[in-house]
Amino acid sequence: MKKIIILLFLMVGSLAFGQEDVPYRMLGTWANMDNELLIINRNLDKVVFIRKTKTKLKAAGTIELQEGQLRIFRRDKDDEYDLAYFIGKETMVITKPRSSRAWLWFRVGN
């Protein structure tokens, strides 16, 4: 019985460590020079995001980490894509979809 319990703990532990997760440092509120806000939060087992201006929703959906890239699943329209990213202490750079350009985000809240 003891061996079975140990085996179960090892199996569950390997599943948890085998899955990639969105970095905790990415969660919070971010702003860019275009007066957009990016809000990234955890909602149960999903990481959700909203990108908006003061008057308009620009994008909303969920984020997963797959093979070192952000996998975006938009819920405001039927679209999904991968984005490269970098997180510093107070800044974050995320490539724009289907573009060679990127957003530079500054942390404004946690």
# chains A, B, ... in the order shown; residues from 1 in each chain; ligands from 1
$ select_by_dssp --residues "segment 5-104 of chain A" --states "strand (DSSP E)" --output "number ranges by chain"
A: 28-31, 37-43, 46-52, 57-66, 69-74, 79-83, 85-87, 91-95, 102-104
$ closest_residue --among "A:Val93, A:Leu38, A:Val22, A:Leu83" --to "Thr53 of chain A" --atoms "only C-alpha atoms"
A:Leu38
$ select_by_dssp --residues "chain A" --states "helix (DSSP H, G or I)" --output "PDB file with N, CA and C atoms, in the first residue's frame"
ATOM      1  N   LYS A   2       1.926   1.229   0.796  1.00  0.00           N
ATOM      2  CA  LYS A   2       2.828   2.366   0.889  1.00  0.00           C
ATOM      3  C   LYS A   2       3.483   2.646  -0.468  1.00  0.00           C
ATOM      4  N   LYS A   3       3.850   1.581  -1.192  1.00  0.00           N
ATOM      5  CA  LYS A   3       4.473   1.743  -2.501  1.00  0.00           C
ATOM      6  C   LYS A   3       3.495   2.350  -3.511  1.00  0.00           C
ATOM      7  N   ILE A   4       2.245   1.976  -3.411  1.00  0.00           N
ATOM      8  CA  ILE A   4       1.234   2.522  -4.329  1.00  0.00           C
ATOM      9  C   ILE A   4       1.051   4.018  -4.089  1.00  0.00           C
ATOM     10  N   ILE A   5       1.002   4.423  -2.837  1.00  0.00           N
ATOM     11  CA  ILE A   5       0.841   5.842  -2.509  1.00  0.00           C
ATOM     12  C   ILE A   5       2.048   6.641  -3.009  1.00  0.00           C
ATOM     13  N   ILE A   6       3.243   6.126  -2.801  1.00  0.00           N
ATOM     14  CA  ILE A   6       4.457   6.799  -3.274  1.00  0.00           C
ATOM     15  C   ILE A   6       4.440   6.910  -4.794  1.00  0.00           C
ATOM     16  N   LEU A   7       4.037   5.844  -5.466  1.00  0.00           N
ATOM     17  CA  LEU A   7       3.959   5.839  -6.922  1.00  0.00           C
ATOM     18  C   LEU A   7       2.958   6.883  -7.415  1.00  0.00           C
ATOM     19  N   LEU A   8       1.816   6.985  -6.762  1.00  0.00           N
ATOM     20  CA  LEU A   8       0.819   7.990  -7.143  1.00  0.00           C
ATOM     21  C   LEU A   8       1.361   9.404  -6.969  1.00  0.00           C
ATOM     22  N   PHE A   9       2.040   9.676  -5.853  1.00  0.00           N
ATOM     23  CA  PHE A   9       2.629  10.995  -5.635  1.00  0.00           C
ATOM     24  C   PHE A   9       3.656  11.323  -6.715  1.00  0.00           C
ATOM     25  N   LEU A  10       4.478  10.358  -7.090  1.00  0.00           N
ATOM     26  CA  LEU A  10       5.471  10.590  -8.131  1.00  0.00           C
ATOM     27  C   LEU A  10       4.822  10.873  -9.478  1.00  0.00           C
ATOM     28  N   MET A  11       3.761  10.140  -9.804  1.00  0.00           N
ATOM     29  CA  MET A  11       3.072  10.345 -11.077  1.00  0.00           C
ATOM     30  C   MET A  11       2.410  11.722 -11.125  1.00  0.00           C
ATOM     31  N   VAL A  12       1.722  12.102 -10.067  1.00  0.00           N
ATOM     32  CA  VAL A  12       1.070  13.408 -10.023  1.00  0.00           C
ATOM     33  C   VAL A  12       2.113  14.523 -10.054  1.00  0.00           C
ATOM     34  N   GLY A  13       3.189  14.356  -9.330  1.00  0.00           N
ATOM     35  CA  GLY A  13       4.256  15.354  -9.321  1.00  0.00           C
ATOM     36  C   GLY A  13       4.890  15.521 -10.691  1.00  0.00           C
ATOM     37  N   SER A  14       5.092  14.446 -11.418  1.00  0.00           N
ATOM     38  CA  SER A  14       5.694  14.553 -12.742  1.00  0.00           C
ATOM     39  C   SER A  14       4.742  15.222 -13.725  1.00  0.00           C
ATOM     40  N   LEU A  15       3.445  15.022 -13.555  1.00  0.00           N
ATOM     41  CA  LEU A  15       2.491  15.718 -14.416  1.00  0.00           C
ATOM     42  C   LEU A  15       2.527  17.217 -14.162  1.00  0.00           C
ATOM     43  N   ALA A  16       2.591  17.606 -12.917  1.00  0.00           N
ATOM     44  CA  ALA A  16       2.604  19.027 -12.573  1.00  0.00           C
ATOM     45  C   ALA A  16       3.855  19.711 -13.103  1.00  0.00           C
ATOM     46  N   PHE A  17       5.012  19.072 -12.978  1.00  0.00           N
ATOM     47  CA  PHE A  17       6.247  19.687 -13.447  1.00  0.00           C
ATOM     48  C   PHE A  17       6.410  19.585 -14.951  1.00  0.00           C
ATOM     49  N   GLY A  18       5.723  18.658 -15.596  1.00  0.00           N
ATOM     50  CA  GLY A  18       5.842  18.494 -17.028  1.00  0.00           C
ATOM     51  C   GLY A  18       5.059  19.536 -17.813  1.00  0.00           C
ATOM     52  N   TYR A  24       4.382  33.617 -13.471  1.00  0.00           N
ATOM     53  CA  TYR A  24       3.662  34.399 -12.469  1.00  0.00           C
ATOM     54  C   TYR A  24       3.951  35.894 -12.616  1.00  0.00           C
ATOM     55  N   ARG A  25       5.187  36.227 -13.011  1.00  0.00           N
ATOM     56  CA  ARG A  25       5.580  37.638 -13.182  1.00  0.00           C
ATOM     57  C   ARG A  25       4.760  38.348 -14.250  1.00  0.00           C
ATOM     58  N   MET A  26       4.119  37.584 -15.133  1.00  0.00           N
ATOM     59  CA  MET A  26       3.336  38.169 -16.205  1.00  0.00           C
ATOM     60  C   MET A  26       1.966  38.657 -15.710  1.00  0.00           C
TER      61      MET A  26
END
$ residues_around --residues "Arg42 of chain A" --least-positions-apart "5" --cutoff "8 Å" --atoms "only C-alpha atoms" --output "PyMOL selection string"
chain A and resi 27+47-48
